[in-house]
Amino acid sequence: MSFYCLTLPGVSIPAGIRPFGMPIAAPLGIVIVESGAADRRNVIMANRGVNKVILLGRLGADPDIRYLPNNGGKVVAVRLATSEVWKDTKNAKQERTEWHRVVFFKKLADTAGDLLKKGSKIYVEGALRTQQWDKNGEKRYRTEVVVHELQLLDRPAPSTSANGSSTSNPAAEDADWDDDYSDMPMH
């Protein structure tokens with residue numbers, strides 16, 4: 001098994017490290033990876049940060065659809081609630097809800113604007129972005145998640161015909177649905 005050592009700029013290798021063998025200790029700025037093409041791709045991340053957010057939750061309101069000036073395109077913003085449930089020391093159920101501002105641009109904005117509504121369950125992946133502006137001489141900040149991937153987790157409603165009757169049989173559609181896994185992000 002062979003290893004190689006990558007150091008960040010300006011970081012020297014201390015005496016306690018054997019760069020081409022197993023490390024005794026790995027101080028900040030030194031990454032020791034088993035050699036191989038796939039591993040070398042992952043080492044590149046050592047030189048940059050990671051800004052990735054994954055959320056699964058429900059919309060607290062209908063999407064807010066706006067347009068950027070100078071024909072900049074559509075922007076859709078939603079409030080997404082994520083909840084955490086646990087039992088306290090007295091075995092009572094506790095719940096905490098966090099609210100996130102989530103924004104969509106370009107084609108994802110079109111999809112979000114057309115298909116999302118209050119209560120929709122979605123899975124998103126994106127990056128954090130903080131905006132700053134002045135209001136009456138006071139600096140304001142807002143942190144939001146800029147979405148790169150969207151998955152709709154709600155099952156589509158059965159379509160209805162002109163006379164209002166359902167054109168599909170919901171019982172037949174749900175016959176193989178396993179309720180134990182209904183909250184998983186990938187169906």
# chains A, B, ... in the order shown; residues from 1 in each chain; ligands from 1

$ residues_around --residues "Glu144 in chain A" --least-positions-apart "4" --cutoff "6 Å" --atoms "only C-alpha atoms" --output "list in words"
Arg101, Val102, Leu128 and Arg129 of chain A

$ residues_around --residues "range 55-62 of chain A" --least-positions-apart "5" --cutoff "6 Å" --atoms "only C-alpha atoms" --output "tab-separated table (two decimals) with all heavy atoms, in the first residue's frame"
chain	number	residue	atom	x	y	z
A	79	ARG	N	-40.08	29.49	2.25
A	79	ARG	CA	-39.73	29.23	3.65
A	79	ARG	C	-39.89	27.74	3.87
A	79	ARG	O	-40.98	27.19	3.69
A	79	ARG	CB	-40.64	30.01	4.57
A	79	ARG	CG	-40.40	31.49	4.52
A	79	ARG	CD	-41.28	32.27	5.48
A	79	ARG	NE	-41.84	31.44	6.52
A	79	ARG	CZ	-43.09	31.57	6.98
A	79	ARG	NH1	-43.88	32.48	6.51
A	79	ARG	NH2	-43.53	30.78	7.93
A	80	LEU	N	-38.80	27.08	4.26
A	80	LEU	CA	-38.81	25.64	4.44
A	80	LEU	C	-38.63	25.31	5.91
A	80	LEU	O	-37.71	25.80	6.56
A	80	LEU	CB	-37.67	25.01	3.62
A	80	LEU	CG	-37.62	23.48	3.60
A	80	LEU	CD1	-38.82	22.91	2.86
A	80	LEU	CD2	-36.33	23.02	2.93
A	81	ALA	N	-39.53	24.48	6.44
A	81	ALA	CA	-39.46	24.07	7.84
A	81	ALA	C	-38.85	22.68	7.93
A	81	ALA	O	-39.26	21.76	7.22
A	81	ALA	CB	-40.86	24.05	8.44
A	82	THR	N	-37.85	22.55	8.81
A	82	THR	CA	-37.31	21.23	9.13
A	82	THR	C	-37.51	21.01	10.62
A	82	THR	O	-37.37	21.94	11.40
A	82	THR	CB	-35.80	21.14	8.79
A	82	THR	OG1	-35.09	22.15	9.50
A	82	THR	CG2	-35.57	21.30	7.30
A	117	LYS	N	-46.21	24.43	-3.43
A	117	LYS	CA	-47.26	25.18	-2.73
A	117	LYS	C	-47.09	24.95	-1.24
A	117	LYS	O	-46.32	24.09	-0.82
A	117	LYS	CB	-48.64	24.74	-3.21
A	117	LYS	CG	-48.97	23.29	-2.93
A	117	LYS	CD	-50.30	22.91	-3.53
A	117	LYS	CE	-50.69	21.50	-3.23
A	117	LYS	NZ	-49.81	20.48	-3.71
A	118	LYS	N	-47.80	25.73	-0.46
A	118	LYS	CA	-47.71	25.58	0.99
A	118	LYS	C	-47.97	24.12	1.38
A	118	LYS	O	-48.91	23.50	0.90
A	118	LYS	CB	-48.74	26.49	1.67
A	118	LYS	CG	-48.70	26.40	3.17
A	118	LYS	CD	-49.69	27.34	3.82
A	118	LYS	CE	-49.64	27.20	5.32
A	118	LYS	NZ	-50.54	28.15	5.98
A	119	GLY	N	-47.09	23.57	2.22
A	119	GLY	CA	-47.23	22.18	2.66
A	119	GLY	C	-46.47	21.18	1.83
A	119	GLY	O	-46.34	20.02	2.23
A	120	SER	N	-45.95	21.58	0.65
A	120	SER	CA	-45.20	20.64	-0.19
A	120	SER	C	-43.98	20.13	0.55
A	120	SER	O	-43.28	20.87	1.23
A	120	SER	CB	-44.72	21.34	-1.48
A	120	SER	OG	-45.79	21.72	-2.29
A	121	LYS	N	-43.72	18.83	0.40
A	121	LYS	CA	-42.55	18.22	1.01
A	121	LYS	C	-41.47	18.13	-0.06
A	121	LYS	O	-41.70	17.58	-1.13
A	121	LYS	CB	-42.87	16.83	1.56
A	121	LYS	CG	-41.77	16.23	2.38
A	121	LYS	CD	-42.23	14.92	3.02
A	121	LYS	CE	-41.20	14.39	4.00
A	121	LYS	NZ	-41.66	13.14	4.62
A	122	ILE	N	-40.28	18.70	0.25
A	122	ILE	CA	-39.20	18.72	-0.73
A	122	ILE	C	-37.87	18.35	-0.10
A	122	ILE	O	-37.69	18.46	1.11
A	122	ILE	CB	-39.07	20.09	-1.43
A	122	ILE	CG1	-38.73	21.20	-0.43
A	122	ILE	CG2	-40.31	20.42	-2.24
A	122	ILE	CD1	-38.40	22.53	-1.06
A	123	TYR	N	-36.96	17.90	-0.95
A	123	TYR	CA	-35.56	17.63	-0.61
A	123	TYR	C	-34.75	18.58	-1.48
A	123	TYR	O	-34.95	18.63	-2.70
A	123	TYR	CB	-35.22	16.18	-0.92
A	123	TYR	CG	-33.74	15.86	-0.88
A	123	TYR	CD1	-33.15	15.40	0.29
A	123	TYR	CD2	-32.95	16.00	-2.01
A	123	TYR	CE1	-31.81	15.09	0.33
A	123	TYR	CE2	-31.60	15.69	-1.98
A	123	TYR	CZ	-31.03	15.24	-0.81
A	123	TYR	OH	-29.70	14.94	-0.77
A	124	VAL	N	-33.84	19.35	-0.88
A	124	VAL	CA	-33.00	20.26	-1.65
A	124	VAL	C	-31.54	20.11	-1.25
A	124	VAL	O	-31.23	19.76	-0.11
A	124	VAL	CB	-33.42	21.75	-1.47
A	124	VAL	CG1	-34.80	22.00	-2.05
A	124	VAL	CG2	-33.35	22.19	-0.03

$ atom_distance --atom1 "CA of Lys135 in chain A" --atom2 "CA of Pro69 in chain A"
19.9 Å

$ atom_distance --atom1 "CA of Ile65 in chain A" --atom2 "CA of Lys52 in chain A"
24.1 Å

$ decode --residues "range 76-102 of chain A" --atoms "N, CA, C and O atoms" --output "short mmCIF file (atom, residue, chain, number, x, y, z; two decimals), in the first residue's frame"
data_model
loop_
_atom_site.label_atom_id
_atom_site.label_comp_id
_atom_site.auth_asym_id
_atom_site.auth_seq_id
_atom_site.Cartn_x
_atom_site.Cartn_y
_atom_site.Cartn_z
N VAL A 76 -37.36 32.41 -7.23
CA VAL A 76 -38.42 31.91 -6.37
C VAL A 76 -37.83 31.66 -4.99
O VAL A 76 -36.81 30.98 -4.85
N ALA A 77 -38.46 32.24 -3.97
CA ALA A 77 -38.03 32.05 -2.59
C ALA A 77 -39.14 31.35 -1.81
O ALA A 77 -40.32 31.65 -2.01
N VAL A 78 -38.74 30.42 -0.95
CA VAL A 78 -39.70 29.72 -0.11
C VAL A 78 -39.17 29.67 1.31
O VAL A 78 -37.98 29.79 1.55
N ARG A 79 -40.08 29.49 2.25
CA ARG A 79 -39.73 29.23 3.65
C ARG A 79 -39.89 27.74 3.87
O ARG A 79 -40.98 27.19 3.69
N LEU A 80 -38.80 27.08 4.26
CA LEU A 80 -38.81 25.64 4.44
C LEU A 80 -38.63 25.31 5.91
O LEU A 80 -37.71 25.80 6.56
N ALA A 81 -39.53 24.48 6.44
CA ALA A 81 -39.46 24.07 7.84
C ALA A 81 -38.85 22.68 7.93
O ALA A 81 -39.26 21.76 7.22
N THR A 82 -37.85 22.55 8.81
CA THR A 82 -37.31 21.23 9.13
C THR A 82 -37.51 21.01 10.62
O THR A 82 -37.37 21.94 11.40
N SER A 83 -37.89 19.81 10.99
CA SER A 83 -38.20 19.52 12.38
C SER A 83 -37.33 18.40 12.93
O SER A 83 -36.96 17.48 12.21
N GLU A 84 -37.04 18.52 14.20
CA GLU A 84 -36.29 17.51 14.92
C GLU A 84 -37.16 17.07 16.10
O GLU A 84 -37.69 17.90 16.83
N VAL A 85 -37.32 15.77 16.28
CA VAL A 85 -38.16 15.23 17.35
C VAL A 85 -37.30 14.34 18.23
O VAL A 85 -36.48 13.56 17.74
N TRP A 86 -37.46 14.47 19.56
CA TRP A 86 -36.73 13.65 20.50
C TRP A 86 -37.54 13.51 21.78
O TRP A 86 -38.54 14.19 21.97
N LYS A 87 -37.09 12.61 22.64
CA LYS A 87 -37.73 12.44 23.95
C LYS A 87 -36.81 13.03 25.01
O LYS A 87 -35.61 12.78 25.00
N ASP A 88 -37.39 13.80 25.91
CA ASP A 88 -36.60 14.42 26.97
C ASP A 88 -36.36 13.43 28.11
O ASP A 88 -36.73 12.26 28.02
N THR A 89 -35.77 13.91 29.20
CA THR A 89 -35.43 13.03 30.32
C THR A 89 -36.66 12.43 30.98
O THR A 89 -36.57 11.39 31.63
N LYS A 90 -37.83 13.07 30.84
CA LYS A 90 -39.08 12.54 31.40
C LYS A 90 -39.85 11.71 30.38
O LYS A 90 -41.02 11.41 30.56
N ASN A 91 -39.17 11.35 29.27
CA ASN A 91 -39.74 10.53 28.21
C ASN A 91 -40.91 11.21 27.49
O ASN A 91 -41.76 10.55 26.91
N ALA A 92 -40.96 12.54 27.56
CA ALA A 92 -41.99 13.29 26.84
C ALA A 92 -41.45 13.70 25.47
O ALA A 92 -40.29 14.06 25.33
N LYS A 93 -42.31 13.64 24.47
CA LYS A 93 -41.92 13.99 23.12
C LYS A 93 -41.69 15.50 23.01
O LYS A 93 -42.52 16.29 23.43
N GLN A 94 -40.54 15.87 22.45
CA GLN A 94 -40.19 17.27 22.22
C GLN A 94 -39.97 17.47 20.72
O GLN A 94 -39.53 16.55 20.04
N GLU A 95 -40.24 18.67 20.25
CA GLU A 95 -40.03 18.97 18.84
C GLU A 95 -39.49 20.39 18.70
O GLU A 95 -39.93 21.30 19.38
N ARG A 96 -38.53 20.55 17.79
CA ARG A 96 -37.98 21.87 17.49
C ARG A 96 -38.01 22.03 15.97
O ARG A 96 -37.56 21.17 15.24
N THR A 97 -38.53 23.15 15.52
CA THR A 97 -38.63 23.45 14.09
C THR A 97 -37.69 24.60 13.75
O THR A 97 -37.69 25.61 14.43
N GLU A 98 -36.91 24.41 12.71
CA GLU A 98 -36.04 25.46 12.17
C GLU A 98 -36.63 25.91 10.84
O GLU A 98 -37.12 25.10 10.06
N TRP A 99 -36.57 27.22 10.59
CA TRP A 99 -37.07 27.78 9.34
C TRP A 99 -35.89 28.24 8.50
O TRP A 99 -34.97 28.88 9.00
N HIS A 100 -35.92 27.93 7.22
CA HIS A 100 -34.83 28.24 6.30
C HIS A 100 -35.39 29.02 5.11
O HIS A 100 -36.45 28.68 4.58
N ARG A 101 -34.66 30.05 4.69
CA ARG A 101 -34.99 30.74 3.45
C ARG A 101 -34.26 30.00 2.34
O ARG A 101 -33.03 29.85 2.37
N VAL A 102 -35.01 29.54 1.36
CA VAL A 102 -34.47 28.74 0.26
C VAL A 102 -34.82 29.44 -1.05
O VAL A 102 -35.98 29.82 -1.25
#
